[in-house]
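S.K.: Structure: upload_1.cif, mmCIF, C-alpha atoms.
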data_my_file
loop_
_atom_site.label_atom_id
_atom_site.label_comp_id
_atom_site.auth_asym_id
_atom_site.auth_seq_id
_atom_site.Cartn_x
_atom_site.Cartn_y
_atom_site.Cartn_z
CA MET M 1 -11.17 5.94 1.85
CA ILE M 2 -12.73 8.72 -0.19
CA ASP M 3 -14.26 11.56 1.80
CA ILE M 4 -18.06 11.08 1.79
CA LYS M 5 -18.48 14.87 1.59
CA LEU M 6 -16.62 14.91 -1.72
CA ILE M 7 -18.97 12.27 -3.16
CA LEU M 8 -22.06 14.20 -2.01
CA GLU M 9 -20.81 17.63 -3.06
CA LYS M 10 -19.04 16.66 -6.31
CA PRO M 11 -20.52 13.32 -7.43
CA ASP M 12 -19.75 13.86 -11.12
CA TYR M 13 -16.12 14.75 -10.37
CA VAL M 14 -15.68 11.55 -8.32
CA ARG M 15 -17.36 9.44 -11.01
CA LYS M 16 -15.11 10.83 -13.75
CA ALA M 17 -11.98 10.60 -11.60
CA LEU M 18 -12.60 6.93 -10.78
CA LYS M 19 -13.33 6.24 -14.44
CA LYS M 20 -9.70 7.23 -15.10
CA LYS M 21 -8.84 4.31 -12.83
CA LEU M 22 -11.10 2.07 -14.94
CA TRP M 23 -13.62 1.94 -12.10
CA ASP M 24 -17.31 2.25 -12.94
CA PHE M 25 -18.87 4.17 -10.05
CA ASP M 26 -22.47 5.33 -9.82
CA PRO M 27 -22.77 7.82 -6.93
CA THR M 28 -26.60 7.65 -6.93
CA PRO M 29 -26.94 4.88 -4.27
CA VAL M 30 -24.60 6.77 -1.91
CA ILE M 31 -26.54 10.02 -2.42
CA GLU M 32 -29.88 8.26 -1.85
CA LEU M 33 -28.61 6.60 1.33
CA ALA M 34 -27.20 9.92 2.54
CA ASN M 35 -30.61 11.58 1.99
CA LYS M 36 -32.36 8.78 3.90
CA ARG M 37 -29.81 9.17 6.69
CA LYS M 38 -30.47 12.90 6.81
CA GLU M 39 -34.25 12.33 6.97
CA LEU M 40 -33.88 9.79 9.76
CA ILE M 41 -31.63 12.07 11.80
CA LEU M 42 -34.09 14.96 11.36
CA LYS M 43 -37.02 12.72 12.34
CA THR M 44 -35.15 11.47 15.42
CA GLU M 45 -34.26 15.00 16.50
CA THR M 46 -37.89 16.13 15.98
CA ASN M 47 -39.14 13.20 18.04
CA LYS M 48 -36.67 13.92 20.85
CA ALA M 49 -37.78 17.56 20.90
CA GLU M 50 -41.42 16.43 21.08
CA GLN M 51 -40.55 13.96 23.88
CA ASN M 52 -38.91 16.75 25.89
CA LYS M 53 -41.87 19.03 25.29
CA LEU M 54 -44.37 16.37 26.43
CA SER M 55 -42.26 15.37 29.44
CA ALA M 56 -42.18 19.01 30.53
CA LEU M 57 -46.02 18.95 30.71
CA VAL M 58 -46.15 16.14 33.30
CA PRO M 59 -45.57 18.36 36.38
CA GLN M 60 -48.19 20.80 35.12
CA TYR M 61 -50.72 17.98 34.57
CA LYS M 62 -50.15 16.68 38.08
CA LYS M 63 -50.45 20.17 39.54
CA GLU M 64 -53.77 20.63 37.74
CA GLY M 65 -54.96 17.17 38.82
CA LYS M 66 -54.92 15.80 35.28
CA ASP M 67 -53.92 12.23 34.47
CA PRO M 68 -50.57 12.30 32.57
CA LYS M 69 -51.13 8.76 31.29
CA GLU M 70 -51.84 10.04 27.78
CA ILE M 71 -48.49 11.88 27.80
CA PHE M 72 -46.62 8.76 28.89
CA VAL M 73 -48.22 6.78 26.05
CA LYS M 74 -47.12 9.37 23.47
CA VAL M 75 -43.60 9.60 24.91
CA LYS M 76 -43.28 5.82 24.88
CA ALA M 77 -44.46 5.69 21.24
CA LEU M 78 -41.95 8.36 20.24
CA ALA M 79 -39.14 6.53 22.09
CA ALA M 80 -40.03 3.29 20.29
CA GLU M 81 -40.04 5.10 16.95
CA ASN M 82 -36.61 6.58 17.73
CA LYS M 83 -35.23 3.19 18.70
CA ASP M 84 -36.43 1.76 15.40
CA GLY M 85 -34.95 4.77 13.62
CA GLU M 86 -31.56 4.22 15.27
CA VAL M 87 -31.52 0.63 14.00
CA LYS M 88 -32.35 1.82 10.48
CA LEU M 89 -29.73 4.56 10.77
CA LYS M 90 -27.02 2.03 11.61
CA GLU M 91 -28.10 -0.13 8.66
CA ILE M 92 -27.93 2.84 6.29
CA GLU M 93 -24.52 3.92 7.58
CA ALA M 94 -23.22 0.36 7.24
CA LYS M 95 -24.41 0.22 3.62
CA MET M 96 -22.79 3.56 2.86
CA HIS M 97 -19.55 2.44 4.48
CA ASP M 98 -19.50 -0.84 2.52
CA ILE M 99 -19.92 1.00 -0.79
CA ILE M 100 -17.26 3.61 -0.04
CA ALA M 101 -14.80 1.10 1.48
CA GLU M 102 -14.70 -0.75 -1.85
CA LEU M 103 -13.82 2.36 -3.87
CA PRO M 104 -10.22 2.99 -4.97
CA ASN M 105 -8.40 6.21 -4.26
CA ILE M 106 -9.03 9.16 -6.55
CA PRO M 107 -6.06 9.58 -8.92
CA ASP M 108 -4.25 12.89 -9.13
CA ASP M 109 -5.61 15.16 -11.86
CA ASP M 110 -2.42 15.05 -13.96
CA LEU M 111 -2.50 11.27 -14.44
CA LEU M 112 -3.55 9.83 -17.79
CA GLU M 113 -6.66 7.66 -17.95
CA GLY M 114 -6.36 3.93 -18.54
CA GLY M 115 -3.96 1.10 -17.80
CA LYS M 116 -0.27 0.34 -18.29
CA GLU M 117 -0.48 1.06 -22.01
CA ASN M 118 -0.59 4.75 -21.01
CA ASN M 119 2.35 4.67 -18.63
CA LYS M 120 5.04 7.20 -19.56
CA VAL M 121 8.78 6.66 -19.24
CA ILE M 122 10.22 9.79 -17.64
CA LYS M 123 13.89 8.93 -17.97
CA GLN M 124 16.40 6.12 -18.36
CA VAL M 125 19.44 5.94 -16.08
CA ASN M 126 22.87 4.35 -16.55
CA LYS M 127 24.06 2.90 -19.83
CA LYS M 128 22.16 -0.04 -21.26
CA PRO M 129 24.53 -3.03 -21.21
CA GLU M 130 25.76 -4.45 -24.51
CA PHE M 131 27.26 -7.91 -24.86
CA LYS M 132 29.60 -9.41 -27.47
CA PHE M 133 28.63 -12.90 -26.39
CA LYS M 134 25.39 -14.83 -25.94
CA VAL M 135 23.88 -13.74 -22.66
CA LYS M 136 22.69 -16.23 -20.08
CA ASP M 137 19.50 -15.71 -18.12
CA HIS M 138 19.57 -15.35 -14.34
CA VAL M 139 18.33 -18.90 -13.75
CA GLU M 140 21.26 -20.41 -15.65
CA LEU M 141 23.73 -18.02 -14.03
CA ALA M 142 22.39 -18.62 -10.53
CA LYS M 143 22.67 -22.38 -10.99
CA SER M 144 26.13 -22.35 -12.57
CA LEU M 145 27.47 -20.07 -9.83
CA GLY M 146 25.83 -22.02 -7.02
CA LEU M 147 23.80 -19.03 -5.83
CA ILE M 148 20.25 -20.39 -5.94
CA ASP M 149 18.89 -23.90 -5.41
CA TYR M 150 15.56 -24.15 -7.16
CA ASP M 151 15.28 -27.94 -7.05
CA ARG M 152 15.63 -28.33 -3.30
CA ALA M 153 13.33 -25.35 -2.74
CA ALA M 154 10.66 -27.10 -4.83
CA LYS M 155 11.25 -30.28 -2.82
CA ILE M 156 10.81 -28.71 0.61
CA SER M 157 8.31 -26.00 -0.28
CA GLY M 158 6.92 -26.20 -3.84
CA SER M 159 6.98 -24.17 -7.02
CA GLY M 160 7.37 -20.41 -6.90
CA THR M 161 10.11 -20.60 -4.25
CA TRP M 162 13.91 -20.66 -4.13
CA ILE M 163 16.78 -21.10 -1.70
CA TYR M 164 19.71 -18.67 -1.54
CA THR M 165 22.94 -20.58 -1.03
CA ASP M 166 26.53 -19.61 -0.17
CA LEU M 167 27.50 -16.42 -2.06
CA GLY M 168 23.92 -16.11 -3.27
CA ALA M 169 22.75 -15.75 0.33
CA GLN M 170 25.58 -13.28 0.95
CA LEU M 171 24.65 -11.23 -2.12
CA GLU M 172 21.00 -11.12 -1.04
CA TRP M 173 21.96 -10.01 2.48
CA ALA M 174 24.42 -7.48 1.09
CA LEU M 175 21.57 -5.84 -0.85
CA ILE M 176 19.43 -5.65 2.28
CA ASN M 177 22.32 -4.21 4.32
CA TYR M 178 23.02 -1.66 1.61
CA PHE M 179 19.39 -0.50 1.68
CA ILE M 180 19.26 -0.37 5.48
CA SER M 181 22.51 1.59 5.68
CA THR M 182 21.25 4.14 3.13
CA HIS M 183 17.89 4.69 4.83
CA LEU M 184 19.54 5.19 8.21
CA LYS M 185 21.80 7.84 6.68
CA ASN M 186 18.70 9.50 5.21
CA GLY M 187 17.12 9.84 8.66
CA TYR M 188 14.51 7.08 8.50
CA THR M 189 13.65 5.13 11.66
CA PHE M 190 14.23 1.36 11.45
CA ILE M 191 11.20 -0.84 12.27
CA LEU M 192 10.96 -4.64 12.43
CA PRO M 193 7.19 -5.29 12.43
CA PRO M 194 5.32 -8.55 13.07
CA HIS M 195 4.71 -10.69 9.98
CA MET M 196 1.21 -11.69 11.07
CA LEU M 197 -1.29 -8.82 10.96
CA ASN M 198 -4.95 -8.43 11.90
CA ASP M 199 -7.82 -7.58 9.55
CA GLU M 200 -7.91 -3.97 10.77
CA SER M 201 -4.42 -3.53 9.31
CA GLY M 202 -5.49 -4.93 5.94
CA TYR M 203 -8.47 -2.60 5.94
CA GLY M 204 -6.43 0.41 7.06
CA ALA M 205 -3.90 -0.04 4.25
CA GLY M 206 -6.77 -0.22 1.74
CA GLN M 207 -5.98 -3.82 0.78
CA PHE M 208 -9.18 -5.15 2.36
CA PRO M 209 -11.89 -5.84 1.43
CA LYS M 210 -10.96 -5.89 -2.28
CA PHE M 211 -7.74 -7.94 -2.05
CA ARG M 212 -8.60 -10.15 0.91
CA ASN M 213 -8.09 -13.28 -1.22
CA ALA M 214 -4.62 -12.18 -2.33
CA VAL M 215 -3.08 -12.71 1.12
CA PHE M 216 -2.19 -15.87 3.03
CA LYS M 217 -4.63 -16.37 5.90
CA VAL M 218 -3.35 -18.03 9.06
CA ASP M 219 -5.58 -20.96 10.00
CA GLY M 220 -7.15 -20.91 13.42
CA ILE M 221 -6.53 -17.24 14.21
CA ASP M 222 -7.75 -13.96 12.77
CA ARG M 223 -4.43 -13.07 11.13
CA PHE M 224 -2.80 -12.92 7.70
CA LEU M 225 0.83 -12.85 6.54
CA LEU M 226 1.87 -9.38 5.51
CA PRO M 227 2.10 -8.92 1.71
CA THR M 228 4.38 -5.89 2.22
CA ALA M 229 5.75 -4.00 5.21
CA GLU M 230 3.66 -1.04 4.03
CA THR M 231 0.61 -2.78 5.50
CA ALA M 232 2.18 -2.69 8.95
CA LEU M 233 3.84 0.71 8.71
CA VAL M 234 0.78 2.69 7.58
CA ASN M 235 -1.12 1.26 10.57
CA TYR M 236 1.64 2.18 13.03
CA HIS M 237 -0.16 5.39 14.04
CA ARG M 238 -3.70 4.06 13.67
CA ASN M 239 -6.21 5.92 15.88
CA GLU M 240 -3.61 8.49 16.88
CA ILE M 241 -3.43 12.27 16.65
CA LEU M 242 0.11 13.50 15.95
CA LYS M 243 1.48 17.02 16.24
CA GLU M 244 2.20 18.94 13.05
CA ASP M 245 5.71 19.83 14.19
CA GLU M 246 6.43 16.07 14.51
CA LEU M 247 5.82 15.60 10.79
CA PRO M 248 7.04 14.16 8.57
CA ARG M 249 7.46 10.82 10.35
CA LYS M 250 9.86 8.62 8.34
CA TYR M 251 10.06 4.86 8.79
CA PHE M 252 11.53 1.86 7.00
CA ALA M 253 11.23 -1.86 7.58
CA TYR M 254 12.82 -5.04 6.34
CA THR M 255 10.51 -8.05 5.97
CA PRO M 256 9.92 -11.02 3.77
CA CYS M 257 6.70 -10.46 1.80
CA TYR M 258 4.11 -13.20 1.29
CA ARG M 259 1.72 -13.10 -1.68
CA GLN M 260 -0.61 -15.45 -3.49
CA GLU M 261 1.13 -15.02 -6.85
CA ALA M 262 3.56 -17.81 -7.62
CA GLY M 263 5.68 -17.79 -10.76
CA SER M 264 4.07 -19.00 -13.95
CA TYR M 265 5.56 -20.86 -16.89
CA ARG M 266 5.90 -17.72 -19.00
CA THR M 267 9.49 -16.84 -19.84
CA GLU M 268 9.29 -13.46 -18.11
CA GLU M 269 8.12 -15.07 -14.86
CA ARG M 270 10.93 -17.63 -14.61
CA GLY M 271 13.17 -18.05 -11.59
CA MET M 272 12.95 -15.22 -9.07
CA ILE M 273 10.89 -12.74 -11.08
CA ARG M 274 7.72 -13.69 -9.22
CA GLY M 275 7.16 -15.89 -6.19
CA TYR M 276 5.19 -16.56 -3.02
CA GLN M 277 7.89 -15.05 -0.82
CA PHE M 278 10.51 -12.39 -1.43
CA ASN M 279 12.57 -9.92 0.58
CA LYS M 280 11.90 -6.20 0.59
CA VAL M 281 12.89 -3.06 2.43
CA GLU M 282 9.99 -0.59 2.51
CA ILE M 283 10.06 3.14 3.28
CA VAL M 284 6.99 5.04 4.51
CA GLN M 285 6.28 8.64 5.43
CA TYR M 286 3.48 10.32 7.37
CA THR M 287 3.16 13.96 6.33
CA SER M 288 0.84 16.94 6.65
CA ASP M 289 -1.76 17.44 3.93
CA THR M 290 0.54 20.01 2.33
CA GLY M 291 3.78 18.07 2.72
CA SER M 292 3.21 14.92 0.72
CA ASP M 293 4.24 16.24 -2.71
CA LYS M 294 7.71 17.09 -1.39
CA ALA M 295 7.91 13.73 0.39
CA PHE M 296 6.94 11.89 -2.78
CA GLU M 297 9.76 13.52 -4.74
CA GLU M 298 12.21 12.65 -1.96
CA MET M 299 11.15 9.00 -1.84
CA VAL M 300 11.32 8.58 -5.63
CA ASN M 301 14.84 10.00 -5.59
CA ILE M 302 15.89 7.71 -2.75
CA ALA M 303 14.61 4.55 -4.46
CA ALA M 304 16.04 5.55 -7.85
CA GLY M 305 19.35 6.48 -6.22
CA LEU M 306 19.70 3.00 -4.73
CA VAL M 307 19.43 1.40 -8.17
CA GLU M 308 21.63 4.03 -9.82
CA LYS M 309 24.47 3.45 -7.32
CA LEU M 310 24.26 -0.28 -8.00
CA GLY M 311 25.24 0.65 -11.57
CA LEU M 312 22.18 -1.01 -13.05
CA HIS M 313 20.43 0.31 -16.14
CA PHE M 314 16.81 1.18 -15.33
CA GLN M 315 13.97 3.49 -16.22
CA LEU M 316 11.58 5.65 -14.21
CA SER M 317 7.93 5.48 -15.30
CA LYS M 318 4.92 7.56 -14.34
CA LEU M 319 1.93 5.25 -14.11
CA ALA M 320 -1.41 5.95 -15.69
CA ALA M 321 -4.35 6.17 -13.28
CA GLY M 322 -5.57 2.63 -14.00
CA ASP M 323 -2.17 1.11 -13.31
CA CYS M 324 -1.79 2.75 -9.90
CA SER M 325 -2.67 0.42 -7.07
CA HIS M 326 -6.07 0.59 -5.40
CA SER M 327 -5.08 2.86 -2.51
CA MET M 328 -2.78 5.24 -4.36
CA ALA M 329 -3.36 8.65 -5.93
CA ARG M 330 -0.11 8.57 -7.92
CA THR M 331 2.75 6.12 -8.49
CA TYR M 332 6.14 6.15 -10.15
CA ASP M 333 7.74 2.78 -10.93
CA ILE M 334 11.46 2.09 -11.06
CA GLU M 335 11.95 -0.64 -13.64
CA VAL M 336 15.23 -2.48 -14.01
CA TYR M 337 16.43 -3.94 -17.30
CA ILE M 338 16.57 -7.74 -17.66
CA PRO M 339 18.87 -8.43 -20.67
CA SER M 340 17.83 -12.04 -21.37
CA MET M 341 14.22 -10.92 -21.79
CA ASN M 342 14.96 -7.47 -23.22
CA ILE M 343 12.30 -6.01 -20.94
CA TYR M 344 12.10 -3.82 -17.84
CA LYS M 345 10.72 -5.15 -14.55
CA GLU M 346 9.50 -3.09 -11.61
CA VAL M 347 11.74 -3.18 -8.52
CA SER M 348 10.15 -0.25 -6.71
CA SER M 349 6.83 1.57 -6.69
CA ALA M 350 6.82 4.97 -5.00
CA SER M 351 3.28 6.06 -4.22
CA ASN M 352 1.30 8.82 -2.56
CA ALA M 353 -1.95 7.69 -0.93
CA ARG M 354 -2.74 11.24 0.20
CA ASP M 355 -5.40 10.95 2.98
CA TYR M 356 -6.98 7.72 1.67
CA GLN M 357 -5.27 5.35 4.13
CA ALA M 358 -5.33 7.84 7.01
CA ARG M 359 -9.12 8.12 6.78
CA ARG M 360 -9.32 4.35 7.16
CA THR M 361 -6.84 4.24 10.05
CA MET M 362 -8.06 7.50 11.66
CA CYS M 363 -4.51 8.81 11.67
CA ARG M 364 -4.61 12.57 12.14
CA TYR M 365 -2.48 15.51 13.18
CA LYS M 366 -3.21 18.76 15.01
CA ASP M 367 -1.91 21.99 13.51
CA LYS M 368 -0.59 25.00 15.46
CA ASP M 369 -4.11 26.45 15.67
CA GLY M 370 -5.50 23.25 17.19
CA LYS M 371 -7.34 22.17 14.04
CA VAL M 372 -7.26 18.44 13.31
CA HIS M 373 -6.44 17.15 9.80
CA PHE M 374 -5.94 13.71 8.29
CA CYS M 375 -2.31 12.79 7.65
CA HIS M 376 -1.02 11.88 4.21
CA THR M 377 0.81 8.56 3.86
CA LEU M 378 3.38 7.56 1.25
CA ASN M 379 5.33 4.40 0.59
CA ALA M 380 8.11 3.14 -1.68
CA SER M 381 9.99 -0.09 -2.08
CA GLY M 382 13.49 0.69 -1.05
CA LEU M 383 14.04 -1.91 -2.50
CA ALA M 384 12.64 -5.36 -3.37
CA THR M 385 15.46 -7.81 -4.07
CA SER M 386 13.86 -10.61 -6.09
CA ARG M 387 14.24 -8.73 -9.40
CA LEU M 388 17.37 -6.79 -8.51
CA PHE M 389 19.21 -10.06 -7.90
CA PRO M 390 18.46 -11.36 -11.45
CA ALA M 391 19.28 -7.93 -12.91
CA ILE M 392 22.67 -7.89 -11.20
CA LEU M 393 23.48 -11.40 -12.47
CA GLU M 394 22.41 -10.62 -16.03
CA GLN M 395 23.67 -7.04 -16.45
CA PHE M 396 27.06 -7.71 -14.87
CA GLN M 397 27.72 -11.16 -16.34
CA GLN M 398 31.04 -11.77 -18.08
CA GLU M 399 31.90 -13.97 -21.04
CA ASP M 400 33.61 -16.52 -18.78
CA GLY M 401 30.37 -17.00 -16.81
CA SER M 402 31.42 -14.86 -13.84
CA VAL M 403 29.46 -11.91 -12.42
CA ILE M 404 30.94 -8.60 -11.24
CA ILE M 405 29.65 -7.46 -7.83
CA PRO M 406 28.53 -3.79 -7.70
CA GLU M 407 31.03 -1.71 -5.76
CA VAL M 408 28.49 -0.47 -3.20
CA LEU M 409 27.80 -4.09 -2.17
CA ARG M 410 31.40 -5.19 -1.73
CA PRO M 411 31.80 -3.83 1.83
CA PHE M 412 28.86 -6.06 2.80
CA MET M 413 30.43 -9.11 1.09
CA ASN M 414 33.85 -9.14 2.75
CA GLY M 415 35.35 -7.31 -0.20
CA ILE M 416 34.38 -9.88 -2.84
CA SER M 417 34.38 -8.19 -6.25
CA LYS M 418 33.46 -11.07 -8.54
CA ILE M 419 31.61 -14.38 -8.35
CA SER M 420 33.16 -17.00 -10.59
CA PRO M 421 31.98 -20.48 -11.62
CA LYS M 422 33.23 -23.15 -9.26
CA LYS M 423 35.97 -25.31 -10.65
CA LYS M 424 34.80 -28.82 -11.40
#
Could I get this structure in the form of structure tokens?

M.R.:
Amino acid sequence: MIDIKLILEKPDYVRKALKKKLWDFDPTPVIELANKRKELILKTETNKAEQNKLSALVPQYKKEGKDPKEIFVKVKALAAENKDGEVKLKEIEAKMHDIIAELPNIPDDDLLEGGKENNKVIKQVNKKPEFKFKVKDHVELAKSLGLIDYDRAAKISGSGTWIYTDLGAQLEWALINYFISTHLKNGYTFILPPHMLNDESGYGAGQFPKFRNAVFKVDGIDRFLLPTAETALVNYHRNEILKEDELPRKYFAYTPCYRQEAGSYRTEERGMIRGYQFNKVEIVQYTSDTGSDKAFEEMVNIAAGLVEKLGLHFQLSKLAAGDCSHSMARTYDIEVYIPSMNIYKEVSSASNARDYQARRTMCRYKDKDGKVHFCHTLNASGLATSRLFPAILEQFQQEDGSVIIPEVLRPFMNGISKISPKKK
């Protein structure tokens, strides 16, 4: 959530900053409501002072034999006016909150305005694969190698789903184990959160109210299926005050992710590229307000390092303001190459929310002088598998239809180095 003080003190700056995110924001209603709130508070305080002054006269009236009835009438009228003012004050504050809760995070100043057309590729890593034979796409490879069963998945679940089978299931689990092992070595604490979360968690992560319809609601109870482990992890310290010397707090979680975005019939959305459910390992940090830039660099390097050690060709892109997600001030995407489509697909987004999420979750820390600040929160996919799996199949495919297993995954696959077509 954006700091209300920033909107009131620098309304034009906020308006221009949000315009970079393609968000049309008029600060006037917020300013008008804030002025009304200020007037009401002043009126209430004036009335309370008058009440106290009148109440103090009662003993004197009685001592002088005067009837204090007139005082009681005035005090009662002032109390009624204050009660009405308190109701109006709550209404005004609720309106202000509703407006501000809808606003996206302010993008960092160095980001370009606009959408994905203004994203900038920072670097490309590992050699782009070249083939002397006609490449197969991951759907054909997965079927011919017996790794994915799309037909039975559609039968028992529907479109936009898949079933990992045999070595396909092992390869998927090897990826997850590889990620977990790396994050443990990097000093992150392993978390297995619940998959059903409450509305406060959706709000705290900045996904509600704007993206409430993008999640799967659980019928009969006030819960939704988590769209990413980030939603759980950034609420882990909700309504807490941490100590500065405990920061940064580093966590990671493995979960399936559930989203209302099934695969379409476009070529680039075939197979596992997009679905209702996919596996992901997520890393999150809580930092001080001065520590998040360093943490962001660390998390980008960790996510990129995972893909680099897999031997996959990929690129690192700095997103324009309008392509950063709602809650984020800056984002770098790691995009893996899919040969059959000759395009790059995002497998990790590393983002800095700065204090946006912490203001919503009331997650703070106390510095050495006892002053309380809002934490900064960061997240990165570390990594999502549903696009890495296709990239591995396509980039490491051989002319005979086999696929070479990346070396870093072999210890998690009982030493298997290659998946070959099954003999008929």

S.K.: Neighbouring residues of range 274-284 of chain M were defined as those with any atom within 7 Å, considering all atoms listed in the file; residues of the same chain fewer than 6 positions away were excluded. Please report them as a PyMOL selection string.

M.R.: chain M and resi 160-161+229-230+233+250-263+378-386

S.K.: Using the chain letters and numbers from the file, give me the residues hit by the PyMOL selection byres ((chain M and resi 44-52) around 12), as a ChimeraX atom specification.

M.R.: /M:37-43,53-58,71-89

S.K.: Next, write the just-selected residues to a file, as a PDB file, in the coordinates of the input, keeping C-alpha atoms as the atom set.

M.R.:
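Result file follows (result.pdb):
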ATOM      1  CA  ARG M  37     -29.810   9.170   6.690  1.00  0.00           C
ATOM      2  CA  LYS M  38     -30.470  12.900   6.810  1.00  0.00           C
ATOM      3  CA  GLU M  39     -34.250  12.330   6.970  1.00  0.00           C
ATOM      4  CA  LEU M  40     -33.880   9.790   9.760  1.00  0.00           C
ATOM      5  CA  ILE M  41     -31.630  12.070  11.800  1.00  0.00           C
ATOM      6  CA  LEU M  42     -34.090  14.960  11.360  1.00  0.00           C
ATOM      7  CA  LYS M  43     -37.020  12.720  12.340  1.00  0.00           C
ATOM      8  CA  LYS M  53     -41.870  19.030  25.290  1.00  0.00           C
ATOM      9  CA  LEU M  54     -44.370  16.370  26.430  1.00  0.00           C
ATOM     10  CA  SER M  55     -42.260  15.370  29.440  1.00  0.00           C
ATOM     11  CA  ALA M  56     -42.180  19.010  30.530  1.00  0.00           C
ATOM     12  CA  LEU M  57     -46.020  18.950  30.710  1.00  0.00           C
ATOM     13  CA  VAL M  58     -46.150  16.140  33.300  1.00  0.00           C
ATOM     14  CA  ILE M  71     -48.490  11.880  27.800  1.00  0.00           C
ATOM     15  CA  PHE M  72     -46.620   8.760  28.890  1.00  0.00           C
ATOM     16  CA  VAL M  73     -48.220   6.780  26.050  1.00  0.00           C
ATOM     17  CA  LYS M  74     -47.120   9.370  23.470  1.00  0.00           C
ATOM     18  CA  VAL M  75     -43.600   9.600  24.910  1.00  0.00           C
ATOM     19  CA  LYS M  76     -43.280   5.820  24.880  1.00  0.00           C
ATOM     20  CA  ALA M  77     -44.460   5.690  21.240  1.00  0.00           C
ATOM     21  CA  LEU M  78     -41.950   8.360  20.240  1.00  0.00           C
ATOM     22  CA  ALA M  79     -39.140   6.530  22.090  1.00  0.00           C
ATOM     23  CA  ALA M  80     -40.030   3.290  20.290  1.00  0.00           C
ATOM     24  CA  GLU M  81     -40.040   5.100  16.950  1.00  0.00           C
ATOM     25  CA  ASN M  82     -36.610   6.580  17.730  1.00  0.00           C
ATOM     26  CA  LYS M  83     -35.230   3.190  18.700  1.00  0.00           C
ATOM     27  CA  ASP M  84     -36.430   1.760  15.400  1.00  0.00           C
ATOM     28  CA  GLY M  85     -34.950   4.770  13.620  1.00  0.00           C
ATOM     29  CA  GLU M  86     -31.560   4.220  15.270  1.00  0.00           C
ATOM     30  CA  VAL M  87     -31.520   0.630  14.000  1.00  0.00           C
ATOM     31  CA  LYS M  88     -32.350   1.820  10.480  1.00  0.00           C
ATOM     32  CA  LEU M  89     -29.730   4.560  10.770  1.00  0.00           C
TER      33      LEU M  89
END

S.K.: The PyMOL selection byres ((chain M and resi 150) around 8) on the file shown: which residues, as JSON, numbers by chain?

M.R.: {"M": [148, 149, 151, 152, 153, 154, 161, 162, 163, 271]}

S.K.: For CA of His376 in chain M and CA of Ser327 in chain M, determine how far apart the two atoms are, in Å to one decimal place.

M.R.: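 CA of Ser327 in chain M lies 12.0 Å from CA of His376 in chain M.
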
S.K.: Given the choices M:Val372, M:Leu192, M:Leu316, M:Ala205, which gets closest to Met328 in chain M if the distance is worked out from only C-alpha atoms?

M.R.: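 Looking at the shortest contact to Met328 in chain M, the residue is M:Ala205.
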
S.K.: Within 10 Å of range 395-399 of chain M, which residues of range 106-212 of chain M come that close, and what is the closest atom pair and distance in Å for each? Count all atoms listed in the file and give it as a tab-separated table.

M.R.:
residue	atom	partner	partner_atom	distance
M:Lys128	CA	M:Gln395	CA	8.6
M:Pro129	CA	M:Gln395	CA	6.3
M:Glu130	CA	M:Gln395	CA	8.7
M:Phe131	CA	M:Glu399	CA	8.5
M:Lys132	CA	M:Glu399	CA	8.2
M:Phe133	CA	M:Glu399	CA	6.4
M:Lys134	CA	M:Glu399	CA	8.2
M:Val135	CA	M:Gln397	CA	7.8
M:Lys136	CA	M:Gln397	CA	8.1
M:Asp137	CA	M:Gln397	CA	9.6
M:His138	CA	M:Gln397	CA	9.4
M:Leu141	CA	M:Gln397	CA	8.3

S.K.: With all atoms listed in the file as the counted atoms, please give the residues lying no more than 8 Å from Cys363 in chain M, apart from itself and same-chain residues fewer than 2 positions off, as a VMD selection string.

M.R.: chain M and resid 237 to 242 358 to 361 365 374 to 375

S.K.: Which distance in Å separates CA of Lys20 in chain M and CA of Glu113 in chain M, to one decimal?

M.R.: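 These two atoms are separated by 4.2 Å.
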
S.K.: Which distance in Å separates CA of Tyr344 in chain M and CA of Val307 in chain M, to one decimal?

M.R.: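 Atom-to-atom, CA of Tyr344 in chain M to CA of Val307 in chain M, that is 13.2 Å.
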
S.K.: Using the chain letters and numbers from the file, give me the residues hit by the PyMOL selection byres ((chain M and resi 93-97) around 9), as a list of chain:residue names.

M.R.: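 Evaluating the PyMOL selection byres ((chain M and resi 93-97) around 9) on these coordinates yields M:Ile4, M:Pro29, M:Val30, M:Leu33, M:Ala34, M:Arg37, M:Lys88, M:Leu89, M:Lys90, M:Glu91, M:Ile92, M:Asp98, M:Ile99, M:Ile100, M:Ala101, M:Glu102.
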
S.K.: Extract, using all atoms listed in the file, all DNA, RNA and protein residues at most 8 Å from Lys120 in chain M, discarding same-chain residues fewer than 2 positions from it, and format them as a PyMOL selection string.

M.R.: chain M and resi 118+122+317-320

S.K.: What residues have an atom no more than 10 Å from (21.1, 3.9, -12.5) in the file's own frame, counting only C-alpha atoms, and can you write them as a PyMOL selection string?

M.R.: chain M and resi 124-128+304-316+334+336

S.K.: Nearest to Asp293 in chain M: which of M:Ala353, M:Met341, M:Ile419, M:Ile7 is it, counting only C-alpha atoms?

M.R.: M:Ala353

S.K.: Using only C-alpha atoms, collect all residues at a distance of at most 9 Å from (31.5, -22.7, -11.7) as written in the file, then present them as a PyMOL selection string.

M.R.: chain M and resi 143-146+401-402+419-424

S.K.: My list of candidates is M:Leu147, M:Tyr332, M:Lys36, M:Lys63. Which is closest to Gln170 in chain M when distances are computed with only C-alpha atoms?

M.R.: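 Comparing M:Leu147, M:Tyr332, M:Lys36, M:Lys63 against Gln170 in chain M, the winner is M:Leu147.
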
S.K.: Residues at most 9 Å from Ile302 in chain M, counting all atoms listed in the file, excluding those fewer than 6 positions away in the same chain, as a list in words?

M.R.: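 Within the cut-off, the hits are Thr182, His183, Asn186 and Gly382 of chain M.
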